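Heads up: the structure comes next, in structure tokens.
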Amino acid sequence: MQRKCVLVVEDEQDIADLLMLHLADQNLDATWCRDGVQALQLLRSRTWDLVLLDLRLPGLDGLEITRRLRAQGSRVPILMLTAKTTELDRVLGLELGADDYVSKPFSVVEVMARVKALLRRVSMDAAPERAASRIVHGVLVVDETTRAVTLGTTNIELTAREFDLLTFFAQSPGRVFRRTQLLDQVWGTGHDGYEHTVNSHINRLRAKLQAAGAAEEYILTVWGVGYKFNDALASVDVA
């Protein structure tokens, strides 16, 4: 089986060395660079399965790298490495298309759990035997084959994580999910203390649906519990 290729973009050598060591322990083919310009060149030069991307870099910063990759249509999973004091940068990174983030100083065990979850999603998406479906709720159509979402005649551009989250909800209208359940099922592993990650993704998903013309909320808050797909809008057609 071909080894997964991971690019580590981190300008602090001690952090990079630690990540490279643990990625090698996972039998991953990891490459390291410390400069944003070099990172973008490497990302364009070959196919990667995952990018561990620091936000504060010489040359180009992580936000600009993310923006350019997504503008070019790249869907490579991006795990951002951020400082605890850069909440705004984390939000911007997720809005630009990053899939997940961890805050420095981080637990290497947690980082590896996130890496495994993102790579597992890549493998599932690439598997030819995976049964893709088309989910229809009224004018909302979620197509897993093309990973496209439309509301009526309007295409909605979602990040990979936003698409996975919407698909998960749309498959079970009316069922209430706690934030911890969503982290486990959509992100691939539980992350204590990261429930606000769910909140920010749902808020952006709601905003994009509203901007596309949604007259009602598709994802409802169940106070004190979690979230659910609005079953009043559900009319399921799965093909």
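Residues are named by chain letter and number: chains run A, B, ... in the order of the structure tokens, numbers start at 1 in each chain, and ligands are numbered from 1 in the order shown.
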
* To do: Name all residues at most 12 Å from A:Ile15 (count only C-alpha atoms; drop same-chain ones fewer than 6 positions away) and give them as a list in words.
  =>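 Result of the neighbour search: Val8, Val9, Leu21, His22, Trp32, Cys33, Arg34, Leu52, Leu53, Asp54, Leu81, Lys104, Pro105, Phe106, Ser107, Val108 and Val111 of chain A.
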
* **Non-local contacts of stretch 96-99 of chain A (10 Å; only C-alpha atoms; under 2 positions in same chain excluded) as number ranges by chain** => A: 51, 53, 62-71, 74-80, 90-94, 101, 118, 158-162, 187, 201

Generate the output file for the selected residues, N, CA and C atoms, as an mmCIF file, in the first residue's frame.
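Okay, out-v6.cif is ready:
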```cif
data_model
loop_
_atom_site.group_PDB
_atom_site.id
_atom_site.type_symbol
_atom_site.label_atom_id
_atom_site.label_comp_id
_atom_site.auth_asym_id
_atom_site.auth_seq_id
_atom_site.Cartn_x
_atom_site.Cartn_y
_atom_site.Cartn_z
ATOM 1 N N VAL A 51 -1.771 18.494 4.706
ATOM 2 C CA VAL A 51 -0.825 19.565 5.002
ATOM 3 C C VAL A 51 -0.999 19.991 6.452
ATOM 4 N N LEU A 53 -0.072 22.983 8.568
ATOM 5 C CA LEU A 53 0.288 24.331 8.130
ATOM 6 C C LEU A 53 0.279 25.322 9.286
ATOM 7 N N GLY A 62 0.227 31.294 6.465
ATOM 8 C CA GLY A 62 -0.654 30.154 6.254
ATOM 9 C C GLY A 62 -2.009 30.516 5.702
ATOM 10 N N LEU A 63 -2.528 31.680 6.072
ATOM 11 C CA LEU A 63 -3.825 32.106 5.560
ATOM 12 C C LEU A 63 -3.767 32.338 4.052
ATOM 13 N N GLU A 64 -2.698 32.961 3.587
ATOM 14 C CA GLU A 64 -2.565 33.232 2.155
ATOM 15 C C GLU A 64 -2.359 31.938 1.373
ATOM 16 N N ILE A 65 -1.603 31.016 1.941
ATOM 17 C CA ILE A 65 -1.409 29.715 1.291
ATOM 18 C C ILE A 65 -2.749 28.998 1.158
ATOM 19 N N THR A 66 -3.529 29.001 2.232
ATOM 20 C CA THR A 66 -4.850 28.363 2.202
ATOM 21 C C THR A 66 -5.741 29.009 1.163
ATOM 22 N N ARG A 67 -5.752 30.334 1.128
ATOM 23 C CA ARG A 67 -6.606 31.052 0.170
ATOM 24 C C ARG A 67 -6.233 30.682 -1.270
ATOM 25 N N ARG A 68 -4.943 30.663 -1.565
ATOM 26 C CA ARG A 68 -4.508 30.368 -2.933
ATOM 27 C C ARG A 68 -4.815 28.924 -3.319
ATOM 28 N N LEU A 69 -4.610 27.987 -2.395
ATOM 29 C CA LEU A 69 -4.898 26.590 -2.701
ATOM 30 C C LEU A 69 -6.373 26.390 -3.023
ATOM 31 N N ARG A 70 -7.238 26.945 -2.191
ATOM 32 C CA ARG A 70 -8.675 26.761 -2.420
ATOM 33 C C ARG A 70 -9.141 27.493 -3.673
ATOM 34 N N ALA A 71 -8.543 28.632 -3.966
ATOM 35 C CA ALA A 71 -8.905 29.359 -5.179
ATOM 36 C C ALA A 71 -8.536 28.561 -6.431
ATOM 37 N N SER A 74 -7.892 23.200 -5.129
ATOM 38 C CA SER A 74 -7.283 22.109 -4.364
ATOM 39 C C SER A 74 -8.144 21.749 -3.166
ATOM 40 N N ARG A 75 -8.338 20.450 -2.959
ATOM 41 C CA ARG A 75 -9.106 19.963 -1.810
ATOM 42 C C ARG A 75 -8.229 19.262 -0.782
ATOM 43 N N VAL A 76 -6.914 19.433 -0.882
ATOM 44 C CA VAL A 76 -6.029 18.772 0.069
ATOM 45 C C VAL A 76 -6.418 19.177 1.493
ATOM 46 N N PRO A 77 -6.578 18.226 2.405
ATOM 47 C CA PRO A 77 -6.921 18.572 3.782
ATOM 48 C C PRO A 77 -5.827 19.421 4.430
ATOM 49 N N ILE A 78 -6.232 20.460 5.135
ATOM 50 C CA ILE A 78 -5.303 21.362 5.803
ATOM 51 C C ILE A 78 -5.586 21.369 7.296
ATOM 52 N N LEU A 79 -4.574 20.996 8.073
ATOM 53 C CA LEU A 79 -4.643 21.075 9.532
ATOM 54 C C LEU A 79 -3.783 22.264 9.950
ATOM 55 N N MET A 80 -4.423 23.315 10.463
ATOM 56 C CA MET A 80 -3.700 24.523 10.836
ATOM 57 C C MET A 80 -3.074 24.376 12.219
ATOM 58 N N ARG A 90 -7.652 31.822 13.351
ATOM 59 C CA ARG A 90 -8.253 30.483 13.255
ATOM 60 C C ARG A 90 -9.575 30.543 12.501
ATOM 61 N N VAL A 91 -10.393 31.529 12.862
ATOM 62 C CA VAL A 91 -11.685 31.687 12.197
ATOM 63 C C VAL A 91 -11.485 31.983 10.719
ATOM 64 N N LEU A 92 -10.554 32.888 10.404
ATOM 65 C CA LEU A 92 -10.279 33.207 9.001
ATOM 66 C C LEU A 92 -9.767 31.989 8.253
ATOM 67 N N GLY A 93 -8.898 31.224 8.900
ATOM 68 C CA GLY A 93 -8.371 30.026 8.265
ATOM 69 C C GLY A 93 -9.460 29.032 7.921
ATOM 70 N N LEU A 94 -10.394 28.831 8.838
ATOM 71 C CA LEU A 94 -11.500 27.913 8.588
ATOM 72 C C LEU A 94 -12.411 28.453 7.490
ATOM 73 N N TYR A 101 -7.948 22.647 13.096
ATOM 74 C CA TYR A 101 -6.801 23.342 13.667
ATOM 75 C C TYR A 101 -6.483 22.787 15.042
ATOM 76 N N LEU A 118 -8.273 13.007 9.485
ATOM 77 C CA LEU A 118 -8.303 13.628 8.164
ATOM 78 C C LEU A 118 -7.873 12.655 7.074
ATOM 79 N N LEU A 158 -18.781 25.086 -0.247
ATOM 80 C CA LEU A 158 -18.496 24.689 1.121
ATOM 81 C C LEU A 158 -17.077 24.144 1.229
ATOM 82 N N THR A 159 -16.487 24.310 2.397
ATOM 83 C CA THR A 159 -15.219 23.635 2.661
ATOM 84 C C THR A 159 -15.502 22.147 2.829
ATOM 85 N N ALA A 160 -14.451 21.345 2.814
ATOM 86 C CA ALA A 160 -14.618 19.899 2.956
ATOM 87 C C ALA A 160 -15.313 19.566 4.274
ATOM 88 N N ARG A 161 -14.918 20.236 5.349
ATOM 89 C CA ARG A 161 -15.516 19.948 6.656
ATOM 90 C C ARG A 161 -16.966 20.404 6.712
ATOM 91 N N GLU A 162 -17.277 21.558 6.126
ATOM 92 C CA GLU A 162 -18.662 22.032 6.099
ATOM 93 C C GLU A 162 -19.538 21.068 5.305
ATOM 94 N N TRP A 187 -15.572 14.920 12.654
ATOM 95 C CA TRP A 187 -14.136 15.210 12.713
ATOM 96 C C TRP A 187 -13.310 13.929 12.840
ATOM 97 N N HIS A 201 -18.191 26.172 12.825
ATOM 98 C CA HIS A 201 -18.512 25.550 11.534
ATOM 99 C C HIS A 201 -20.011 25.641 11.242
#
```

* Asked: A:Arg204, A:His137, A:Arg178, A:Arg121: which is nearest A:Tyr218, counting only C-alpha atoms?
  ->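 Of the candidates, the smallest distance to A:Tyr218 is held by A:His137.
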
Quick one: everything within 12 Å of A:Asn27, counting only C-alpha atoms, minus sequence neighbours fewer than 6 positions away in the same chain. Send it as a tab-separated table (two decimals) with N, CA and C atoms, in the first residue's frame.
```tsv
chain	number	residue	atom	x	y	z
A	1	MET	N	0.84	-1.18	0.00
A	1	MET	CA	0.00	0.00	0.00
A	1	MET	C	0.89	1.25	0.00
A	2	GLN	N	0.55	2.22	-0.87
A	2	GLN	CA	1.35	3.42	-0.97
A	2	GLN	C	1.21	4.27	0.28
A	3	ARG	N	2.32	4.80	0.75
A	3	ARG	CA	2.31	5.62	1.95
A	3	ARG	C	1.69	6.98	1.65
A	4	LYS	N	0.96	7.50	2.64
A	4	LYS	CA	0.36	8.81	2.51
A	4	LYS	C	1.44	9.88	2.62
A	5	CYS	N	1.29	10.92	1.81
A	5	CYS	CA	2.28	12.00	1.77
A	5	CYS	C	1.77	13.21	2.56
A	6	VAL	N	2.56	13.65	3.51
A	6	VAL	CA	2.19	14.76	4.37
A	6	VAL	C	3.25	15.84	4.27
A	20	MET	N	7.67	15.58	12.64
A	20	MET	CA	8.25	14.65	11.67
A	20	MET	C	8.51	13.28	12.30
A	21	LEU	N	8.98	13.28	13.54
A	21	LEU	CA	9.25	12.03	14.24
A	21	LEU	C	7.98	11.21	14.41
A	112	MET	N	-1.77	13.87	16.25
A	112	MET	CA	-1.79	12.61	15.50
A	112	MET	C	-3.21	12.07	15.35
A	116	LYS	N	-4.87	11.36	11.73
A	116	LYS	CA	-5.50	10.08	11.37
A	116	LYS	C	-6.93	10.29	10.88
```

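Proximity to A:Glu110 was assessed for A:Leu57, A:Val225, A:Leu140, A:Leu19 counting only C-alpha atoms; the smallest distance is recorded for A:Leu19.
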
* Using the chain letters and numbers from this document, which residues of stretch 103-201 of chain A does DSSP assign to alpha helix (DSSP H), as an MDAnalysis selection string? -> chainID A and resid 108:126 160:170 179:182 195:201

* Which of A:Val141, A:Trp223, A:Thr180, A:Asp35 sits closest to A:Gln13 [using only C-alpha atoms] ->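 Checking each candidate against A:Gln13, we get A:Asp35 as the closest.
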
* Asked: Any idea what the distance is between atom CA of A:Ala148 and atom CA of A:Asp49?
  ->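 Calculated distance between atom CA of A:Ala148 and atom CA of A:Asp49 is 20.7 Å.
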